[in-house]
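S.K.: File coords-v7.cif follows (mmCIF, C-alpha atoms):
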data_entry
loop_
_atom_site.label_atom_id
_atom_site.label_comp_id
_atom_site.auth_asym_id
_atom_site.auth_seq_id
_atom_site.Cartn_x
_atom_site.Cartn_y
_atom_site.Cartn_z
CA THR A 1 0.00 0.00 0.00
CA THR A 2 1.40 3.39 -0.96
CA ALA A 3 1.57 6.24 1.53
CA SER A 4 -1.00 8.24 -0.40
CA SER A 5 -3.59 5.45 -0.35
CA GLN A 6 -2.97 4.16 3.16
CA CYS A 7 -5.97 4.48 5.47
CA PRO A 8 -5.29 7.11 8.18
CA CYS A 9 -7.12 4.97 10.73
CA SER A 10 -4.59 2.19 10.16
CA SER A 11 -1.69 4.56 10.76
CA MET A 12 -3.24 5.90 13.94
CA ARG A 13 -4.02 2.43 15.23
CA ALA A 14 -0.42 1.44 14.52
CA LEU A 15 0.72 4.35 16.69
CA TRP A 16 -1.43 3.08 19.57
CA VAL A 17 -0.13 -0.49 19.13
CA PHE A 18 3.47 0.75 19.22
CA ALA A 19 2.89 3.02 22.20
CA PHE A 20 1.31 0.39 24.39
CA HIS A 21 2.99 -2.83 23.26
CA SER A 22 4.61 -4.54 26.24
CA SER A 23 8.08 -4.08 24.73
CA SER A 24 7.61 -0.48 23.67
CA PRO A 25 9.64 2.23 25.45
CA LEU A 26 6.48 4.36 25.46
CA ARG A 27 4.33 1.84 27.35
CA PHE A 28 4.20 3.65 30.69
CA ARG A 29 3.49 7.29 29.99
CA ASN A 30 2.20 10.28 31.84
CA GLU A 31 -1.16 11.97 31.39
CA GLU A 32 0.08 14.51 28.84
CA THR A 33 1.63 11.90 26.56
CA LEU A 34 -1.40 9.61 26.71
CA SER A 35 -3.70 12.54 25.88
CA SER A 36 -1.57 13.51 22.87
CA ILE A 37 -1.49 9.97 21.47
CA ARG A 38 -5.24 9.56 21.99
CA LYS A 39 -5.92 12.88 20.22
CA PHE A 40 -4.26 11.64 17.02
CA SER A 41 -6.04 8.29 17.29
CA ASN A 42 -9.44 9.99 17.57
CA LEU A 43 -9.04 12.30 14.57
CA ALA A 44 -10.66 9.84 12.18
CA MET A 45 -13.48 8.67 14.45
CA ALA A 46 -16.29 10.33 16.37
CA LYS A 47 -16.98 8.96 19.84
CA ASP A 48 -19.84 9.47 22.27
CA LEU A 49 -17.51 9.11 25.23
CA VAL A 50 -13.79 9.02 25.95
CA VAL A 51 -11.78 8.24 29.06
CA ASP A 52 -10.96 11.55 30.70
CA PRO A 53 -7.31 12.10 31.71
CA PHE A 54 -8.49 12.16 35.34
CA CYS A 55 -9.38 8.46 34.86
CA PHE A 56 -6.13 7.42 33.16
CA ARG A 57 -4.90 6.27 36.59
CA GLN A 58 -7.30 3.31 36.28
CA PHE A 59 -5.34 1.85 33.36
CA ALA A 60 -2.09 -0.05 33.77
CA GLU A 61 -0.49 1.73 30.82
CA ALA A 62 -0.51 5.04 32.73
CA GLU A 63 2.18 5.97 35.24
CA ALA A 64 -0.46 7.17 37.70
CA SER A 65 -1.83 3.61 38.05
CA ASN A 66 1.22 2.68 40.12
CA ASP A 67 -0.07 4.79 43.01
CA TYR A 68 -3.80 4.24 42.49
CA MET A 69 -5.54 2.16 45.15
CA GLY A 70 -8.68 1.31 43.19
CA THR A 71 -9.55 -0.82 40.15
CA VAL A 72 -6.87 -0.83 37.44
CA PHE A 73 -7.58 -2.28 33.98
CA LYS A 74 -5.11 -4.27 31.89
CA GLN A 75 -6.88 -3.18 28.70
CA SER A 76 -5.52 -0.11 26.94
CA ILE A 77 -7.49 3.12 27.08
CA GLU A 78 -8.28 2.78 23.38
CA GLU A 79 -9.57 -0.77 23.80
CA PHE A 80 -11.76 0.28 26.71
CA GLU A 81 -13.16 3.25 24.78
CA ASP A 82 -14.01 1.01 21.82
CA ILE A 83 -15.94 -1.38 24.06
CA ALA A 84 -17.72 1.41 25.95
CA ASN A 85 -18.79 3.18 22.77
CA LYS A 86 -20.21 -0.04 21.34
CA CYS A 87 -22.30 -0.37 24.53
CA TYR A 88 -23.33 3.29 24.59
CA LYS A 89 -26.98 4.21 24.11
CA ALA A 90 -28.18 7.64 25.17
CA GLU A 91 -31.43 6.16 26.49
CA ASP A 92 -29.47 3.90 28.86
CA LEU A 93 -27.82 6.76 30.74
CA LYS A 94 -28.88 7.11 34.37
CA ASP A 95 -28.93 10.39 36.27
CA GLY A 96 -26.06 11.10 38.65
CA TYR A 97 -25.69 13.48 41.59
CA ALA A 98 -25.89 16.57 39.34
CA PRO A 99 -27.30 17.39 35.86
CA PHE A 100 -23.83 17.14 34.28
CA CYS A 101 -23.23 13.64 35.74
CA LYS A 102 -24.56 10.40 34.25
CA HIS A 103 -23.97 6.69 34.77
CA LEU A 104 -23.59 4.03 32.11
CA PHE A 105 -23.74 0.45 33.36
CA ILE A 106 -22.19 -2.23 31.17
CA GLU A 107 -21.73 -5.95 31.71
CA ASN A 108 -18.18 -6.87 32.63
CA THR A 109 -17.57 -9.64 30.12
CA PHE A 110 -14.11 -8.50 29.04
CA SER A 111 -11.99 -7.75 32.14
CA ASP A 112 -10.90 -9.35 35.40
CA ALA A 113 -11.89 -6.24 37.41
CA ARG A 114 -12.79 -7.28 40.94
CA VAL A 115 -15.46 -6.05 43.32
CA ASN A 116 -13.56 -3.85 45.77
CA VAL A 117 -16.16 -3.18 48.46
CA LEU A 118 -16.90 -5.66 51.24
CA PRO A 119 -19.18 -5.62 54.31
CA ILE A 120 -17.42 -4.88 57.59
CA ASN A 121 -17.64 -7.87 59.93
CA PRO A 122 -15.89 -9.17 63.09
CA GLU A 123 -13.38 -11.06 60.93
CA ASN A 124 -12.11 -8.03 59.03
CA GLU A 125 -12.84 -4.93 61.11
CA HIS A 126 -9.39 -5.07 62.73
CA LEU A 127 -7.85 -4.75 59.25
CA VAL A 128 -9.40 -1.33 58.53
CA ARG A 129 -6.87 1.44 57.95
CA THR A 130 -7.14 5.20 57.40
CA GLN A 131 -5.02 7.55 55.32
CA TYR A 132 -5.17 11.10 53.97
CA GLN A 133 -5.39 10.93 50.18
CA ALA A 134 -5.82 13.29 47.22
CA ARG A 135 -6.75 12.05 43.75
CA ASN A 136 -4.34 14.52 42.12
CA ASP A 137 -2.03 17.37 43.11
CA LYS A 138 -4.80 19.96 42.72
CA GLU A 139 -7.15 18.43 45.29
CA LEU A 140 -7.21 18.76 49.05
CA PRO A 141 -6.27 15.47 50.78
CA VAL A 142 -9.16 13.94 52.72
CA LEU A 143 -9.32 11.07 55.21
CA GLN A 144 -10.14 7.73 53.60
CA ARG A 145 -10.99 4.37 55.17
CA PHE A 146 -9.96 1.08 53.54
CA ILE A 147 -8.59 -2.42 54.00
CA PRO A 148 -5.26 -3.05 52.22
CA LEU A 149 -5.67 -5.71 49.56
CA GLU A 150 -2.74 -7.77 50.82
CA LEU A 151 -4.34 -8.13 54.25
CA ILE A 152 -7.24 -10.15 52.83
CA GLY A 153 -4.95 -12.41 50.82
CA GLY A 154 -4.74 -10.57 47.50
CA GLN A 155 -6.98 -9.93 44.51
CA ASP A 156 -7.92 -13.60 44.06
CA LYS A 157 -9.94 -13.39 47.28
CA LEU A 158 -12.32 -10.89 45.63
CA PRO A 159 -15.02 -11.90 43.12
CA VAL A 160 -14.85 -10.71 39.51
CA ALA A 161 -17.38 -7.89 39.07
CA LYS A 162 -20.52 -8.54 37.04
CA TYR A 163 -20.93 -4.90 36.02
CA LEU A 164 -18.93 -1.72 35.49
CA ASP A 165 -20.38 1.64 36.46
CA LEU A 166 -18.95 4.25 34.12
CA ILE A 167 -19.34 7.66 35.73
CA LEU A 168 -19.62 10.32 33.04
CA TYR A 169 -19.21 14.10 33.17
CA SER A 170 -20.42 16.37 30.40
CA ARG A 171 -17.80 18.04 28.22
CA GLU A 172 -18.93 21.45 29.46
CA GLN A 173 -18.42 20.48 33.12
CA ILE A 174 -15.00 18.98 32.43
CA ARG A 175 -13.91 22.18 30.72
CA LYS A 176 -15.18 24.29 33.63
CA GLU A 177 -13.31 22.20 36.20
CA ASN A 178 -10.11 22.13 34.16
CA GLU A 179 -10.23 25.90 33.74
CA SER A 180 -10.80 26.52 37.45
CA MET A 181 -7.82 24.30 38.34
CA GLY A 182 -5.50 25.94 35.83
CA LYS A 183 -5.48 23.07 33.34
CA GLU A 184 -5.70 23.47 29.58
CA ALA A 185 -9.24 22.99 28.28
CA GLY A 186 -8.03 20.90 25.32
CA ASP A 187 -9.92 20.31 22.09
CA GLU A 188 -11.65 16.99 22.88
CA ALA A 189 -15.11 17.00 21.26
CA ALA A 190 -16.70 13.82 22.68
CA PRO A 191 -19.80 14.92 24.63
CA TRP A 192 -19.03 12.68 27.62
CA GLY A 193 -15.86 11.95 29.57
CA VAL A 194 -15.43 8.88 31.80
CA VAL A 195 -14.10 10.27 35.09
CA SER A 196 -14.32 7.06 37.14
CA ILE A 197 -15.07 3.35 36.70
CA LYS A 198 -16.48 1.25 39.51
CA ALA A 199 -16.44 -2.54 39.44
CA GLN A 200 -19.52 -3.95 41.18
CA ASP A 201 -22.14 -6.72 41.19
CA VAL A 202 -25.24 -4.58 40.60
CA ASP A 203 -26.37 -2.48 37.64
CA TYR A 204 -27.33 0.59 39.65
CA GLU A 205 -25.45 3.32 41.46
CA LEU A 206 -24.00 2.51 44.86
CA PRO A 207 -23.91 5.43 47.32
CA MET A 208 -20.93 7.70 46.94
CA ASN A 209 -18.43 7.69 49.79
CA PRO A 210 -19.43 10.41 52.32
CA ILE A 211 -16.09 12.19 52.06
CA THR A 212 -16.46 12.26 48.25
CA VAL A 213 -19.90 13.82 48.63
CA MET A 214 -18.38 16.45 50.88
CA ARG A 215 -15.39 17.04 48.58
CA ASN A 216 -17.66 17.45 45.55
CA SER A 217 -19.42 20.30 47.36
CA LEU A 218 -16.15 22.27 47.46
CA GLY A 219 -15.32 24.86 44.84
CA LYS A 220 -13.92 23.68 41.51
CA ASP A 221 -10.55 25.21 42.38
CA GLN A 222 -10.21 22.71 45.26
CA GLY A 223 -11.12 19.63 43.22
CA GLY A 224 -14.88 19.79 43.82
CA SER A 225 -17.65 20.32 41.31
CA GLY A 226 -19.32 23.24 43.07
CA VAL A 227 -22.58 21.35 43.68
CA PRO A 228 -24.16 22.12 47.09
CA LEU A 229 -24.23 19.20 49.51
CA ASP A 230 -27.55 17.32 49.50
CA ARG A 231 -28.19 16.24 53.11
CA ASP A 232 -30.48 13.34 52.18
CA ALA A 233 -27.94 11.95 49.71
CA TYR A 234 -25.18 12.40 52.29
CA MET A 235 -27.12 10.48 54.95
CA GLU A 236 -27.88 7.70 52.45
CA SER A 237 -24.16 7.50 51.83
CA VAL A 238 -23.40 7.33 55.56
CA ASN A 239 -25.96 4.55 56.07
CA TYR A 240 -24.26 2.44 53.39
CA TRP A 241 -20.60 3.13 54.18
CA LYS A 242 -20.88 2.68 57.95
CA ASP A 243 -21.29 -1.03 57.22
CA ASN A 244 -19.01 -1.37 54.15
CA VAL A 245 -15.37 -0.68 53.34
CA VAL A 246 -13.20 -0.29 50.24
CA ILE A 247 -10.53 -2.91 49.56
CA SER A 248 -7.48 -1.34 47.94
#
Can I see the file as structure tokens?

M.R.:
Amino acid sequence: TTASSQCPCSSMRALWVFAFHSSSPLRFRNEETLSSIRKFSNLAMAKDLVVDPFCFRQFAEAEASNDYMGTVFKQSIEEFEDIANKCYKAEDLKDGYAPFCKHLFIENTFSDARVNVLPINPENEHLVRTQYQARNDKELPVLQRFIPLELIGGQDKLPVAKYLDLILYSREQIRKENESMGKEAGDEAAPWGVVSIKAQDVDYELPMNPITVMRNSLGKDQGGSGVPLDRDAYMESVNYWKDNVVIS
């Protein structure tokens, strides 16, 4: 095939394959590099949703995954986006905690993502730990409660999740939050960005962690979304999380 007749999609896909092949020197990259590679890959295709850079930490190909304590996927970002877009139907979106937030639930038939929330019981309550954590360098650290994965015997002790909850933010909201935190708005055109992925056994939203509810009520410049705290939603969250704990 000559250069003039070669499909641009094939060239872009080849770039992705090179960048994330296990032997490639580009395999573990930072957020900026991953965003740049993805931008070129997306030029020839329109997508309803893309993985937002905030969520790159949930993919093993990203440097940030090394320090992330939640679910990390072995699939590349591109592979995950392809699967999610094939599952996407606007009518399937569920309302989130604010008008700009939606949930898309898809069956987990393609990954080994494990359920990472367990009930607190007499056998594991002594394993609970606390730590101040921030999801990035722009956010205020907040106190988190969890059980270290190694203390329960490793990932194999957790069941593979039946569903994935893709938490989506509108493009407008993502741009507002990036601007308020001094980040470049970028030129991504997909109407939805995946900001978090939860592995779970039910196809409906589980209550947000109380400290996340509180953090979201902060101003955008502190890592929140500027949405006033809803007391009823907060108490629902407390009622769930007083009896459950994250495994990470």

S.K.: Just to confirm, what's the straight-line distance from CA of Ala46 in chain A to CA of Glu81 in chain A in Å (one decimal)?

M.R.: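 So the answer is 11.4 Å.
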
S.K.: Identify which of the residues A:Leu218, A:Ala60, A:Ala113, A:Ser180 lies closest to Lys162 in chain A, counting all atoms listed in the file when measuring atom-to-atom distances.

M.R.: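 Under the stated criterion, the closest residue is A:Ala113.
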
S.K.: Could you please give me, as a list of chain:residue names, the residues of protein, DNA or RNA lying at most 9 Å from (-20.8, -1.4, 32.6) in the coordinate frame of the file, considering all atoms listed in the file?

M.R.: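 So the residues meeting the distance criterion are A:Ala84, A:Cys87, A:His103, A:Leu104, A:Phe105, A:Ile106, A:Glu107, A:Asn108, A:Lys162, A:Tyr163, A:Leu164, A:Asp165, A:Leu166, A:Ile197, A:Lys198, A:Ala199, A:Asp203.
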
S.K.: Pull C-alpha atoms from the residues just selected and write them as a tab-separated table (two decimals), in the frame of the given file.

M.R.:
chain	number	residue	atom	x	y	z
A	84	ALA	CA	-17.72	1.41	25.95
A	87	CYS	CA	-22.30	-0.37	24.53
A	103	HIS	CA	-23.97	6.69	34.77
A	104	LEU	CA	-23.59	4.03	32.11
A	105	PHE	CA	-23.74	0.45	33.36
A	106	ILE	CA	-22.19	-2.23	31.17
A	107	GLU	CA	-21.73	-5.95	31.71
A	108	ASN	CA	-18.18	-6.87	32.63
A	162	LYS	CA	-20.52	-8.54	37.04
A	163	TYR	CA	-20.93	-4.90	36.02
A	164	LEU	CA	-18.93	-1.72	35.49
A	165	ASP	CA	-20.38	1.64	36.46
A	166	LEU	CA	-18.95	4.25	34.12
A	197	ILE	CA	-15.07	3.35	36.70
A	198	LYS	CA	-16.48	1.25	39.51
A	199	ALA	CA	-16.44	-2.54	39.44
A	203	ASP	CA	-26.37	-2.48	37.64

S.K.: Tell me, in Å to one decimal, how far CA of Val227 in chain A is from CA of Lys183 in chain A.

M.R.: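 Separation between CA of Val227 in chain A and CA of Lys183 in chain A: 20.1 Å.
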
S.K.: Just the residues within 9 Å of Val117 in chain A, please, counting all atoms listed in the file, with nothing from its chain fewer than 3 positions along; format it as a ChimeraX atom specification.

M.R.: /A:200,244-248

S.K.: With distances taken over all atoms listed in the file, which of A:Val160, A:Phe54, A:Phe100, A:Ser170 is nearest to Gly223 in chain A?

M.R.: A:Phe54

S.K.: From the list A:Val142, A:Phe56, A:Ala189, A:Glu179, which residue is nearest Tyr68 in chain A when using only C-alpha atoms?

M.R.: A:Phe56

S.K.: Pick the closest to Asp48 in chain A from A:Asp221, A:Asp82, A:Glu184, A:Asp230: which is it, counting only C-alpha atoms?

M.R.: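 Closest to Asp48 in chain A of all the choices is A:Asp82.
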
S.K.: Tell me which residues the PyMOL selection byres ((chain A and resi 146) around 12) grabs here, as a PDB file with C-alpha atoms, keeping the file's coordinate frame.

M.R.:
ATOM      1  CA  MET A  69      -5.540   2.160  45.150  1.00  0.00           C
ATOM      2  CA  GLY A  70      -8.680   1.310  43.190  1.00  0.00           C
ATOM      3  CA  ASN A 116     -13.560  -3.850  45.770  1.00  0.00           C
ATOM      4  CA  VAL A 117     -16.160  -3.180  48.460  1.00  0.00           C
ATOM      5  CA  LEU A 118     -16.900  -5.660  51.240  1.00  0.00           C
ATOM      6  CA  PRO A 119     -19.180  -5.620  54.310  1.00  0.00           C
ATOM      7  CA  ILE A 120     -17.420  -4.880  57.590  1.00  0.00           C
ATOM      8  CA  ASN A 124     -12.110  -8.030  59.030  1.00  0.00           C
ATOM      9  CA  GLU A 125     -12.840  -4.930  61.110  1.00  0.00           C
ATOM     10  CA  HIS A 126      -9.390  -5.070  62.730  1.00  0.00           C
ATOM     11  CA  LEU A 127      -7.850  -4.750  59.250  1.00  0.00           C
ATOM     12  CA  VAL A 128      -9.400  -1.330  58.530  1.00  0.00           C
ATOM     13  CA  ARG A 129      -6.870   1.440  57.950  1.00  0.00           C
ATOM     14  CA  THR A 130      -7.140   5.200  57.400  1.00  0.00           C
ATOM     15  CA  GLN A 131      -5.020   7.550  55.320  1.00  0.00           C
ATOM     16  CA  TYR A 132      -5.170  11.100  53.970  1.00  0.00           C
ATOM     17  CA  GLN A 133      -5.390  10.930  50.180  1.00  0.00           C
ATOM     18  CA  LEU A 143      -9.320  11.070  55.210  1.00  0.00           C
ATOM     19  CA  GLN A 144     -10.140   7.730  53.600  1.00  0.00           C
ATOM     20  CA  ARG A 145     -10.990   4.370  55.170  1.00  0.00           C
ATOM     21  CA  ILE A 147      -8.590  -2.420  54.000  1.00  0.00           C
ATOM     22  CA  PRO A 148      -5.260  -3.050  52.220  1.00  0.00           C
ATOM     23  CA  LEU A 149      -5.670  -5.710  49.560  1.00  0.00           C
ATOM     24  CA  GLU A 150      -2.740  -7.770  50.820  1.00  0.00           C
ATOM     25  CA  LEU A 151      -4.340  -8.130  54.250  1.00  0.00           C
ATOM     26  CA  ILE A 152      -7.240 -10.150  52.830  1.00  0.00           C
ATOM     27  CA  ASN A 209     -18.430   7.690  49.790  1.00  0.00           C
ATOM     28  CA  TRP A 241     -20.600   3.130  54.180  1.00  0.00           C
ATOM     29  CA  LYS A 242     -20.880   2.680  57.950  1.00  0.00           C
ATOM     30  CA  ASN A 244     -19.010  -1.370  54.150  1.00  0.00           C
ATOM     31  CA  VAL A 245     -15.370  -0.680  53.340  1.00  0.00           C
ATOM     32  CA  VAL A 246     -13.200  -0.290  50.240  1.00  0.00           C
ATOM     33  CA  ILE A 247     -10.530  -2.910  49.560  1.00  0.00           C
ATOM     34  CA  SER A 248      -7.480  -1.340  47.940  1.00  0.00           C
TER      35      SER A 248
END

S.K.: State, in Å with one decimal place, the distance from CA of Ser225 in chain A to CA of Gln58 in chain A.

M.R.: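 Separation of CA of Ser225 in chain A and CA of Gln58 in chain A: 20.5 Å.
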
S.K.: Given the file above and the PyMOL selection byres ((chain A and resi 59) around 12), which residues are selected, and can you give them as number ranges by chain?

M.R.: A: 20, 27-31, 34, 51-58, 60-81, 111, 113, 196-197

S.K.: Take the point (-21.8, 13.5, 35.8) in the file's coordinates, draw a sphere of radius 7 Å around it, and report as a PyMOL selection string every protein, DNA or RNA residue with an atom inside or on it, counting all atoms listed in the file.

M.R.: chain A and resi 96-102+167-170

S.K.: Using only C-alpha atoms, which of the listed residues (A:Arg215, A:Leu49, A:Tyr88, A:Asn121) sits closest to Arg171 in chain A?

M.R.: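 Closest to Arg171 in chain A of all the choices is A:Leu49.
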
S.K.: Exactly which residues make up the result of the PyMOL selection byres ((chain A and resi 208) around 9) on this file, given as a list in words?

M.R.: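 That expression, the PyMOL selection byres ((chain A and resi 208) around 9), corresponds here to Glu205, Leu206, Pro207, Asn209, Pro210, Ile211, Thr212, Val213, Ala233, Tyr234, Glu236, Ser237, Val238, Tyr240 and Trp241 of chain A.
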
S.K.: Considering all atoms listed in the file, state which residue in the set A:Arg114, A:Lys220, A:Lys94, A:Lys89 is at the smallest distance from Pro159 in chain A.

M.R.: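 Once distances to Pro159 in chain A are computed over all atoms listed in the file, the minimum belongs to A:Arg114.
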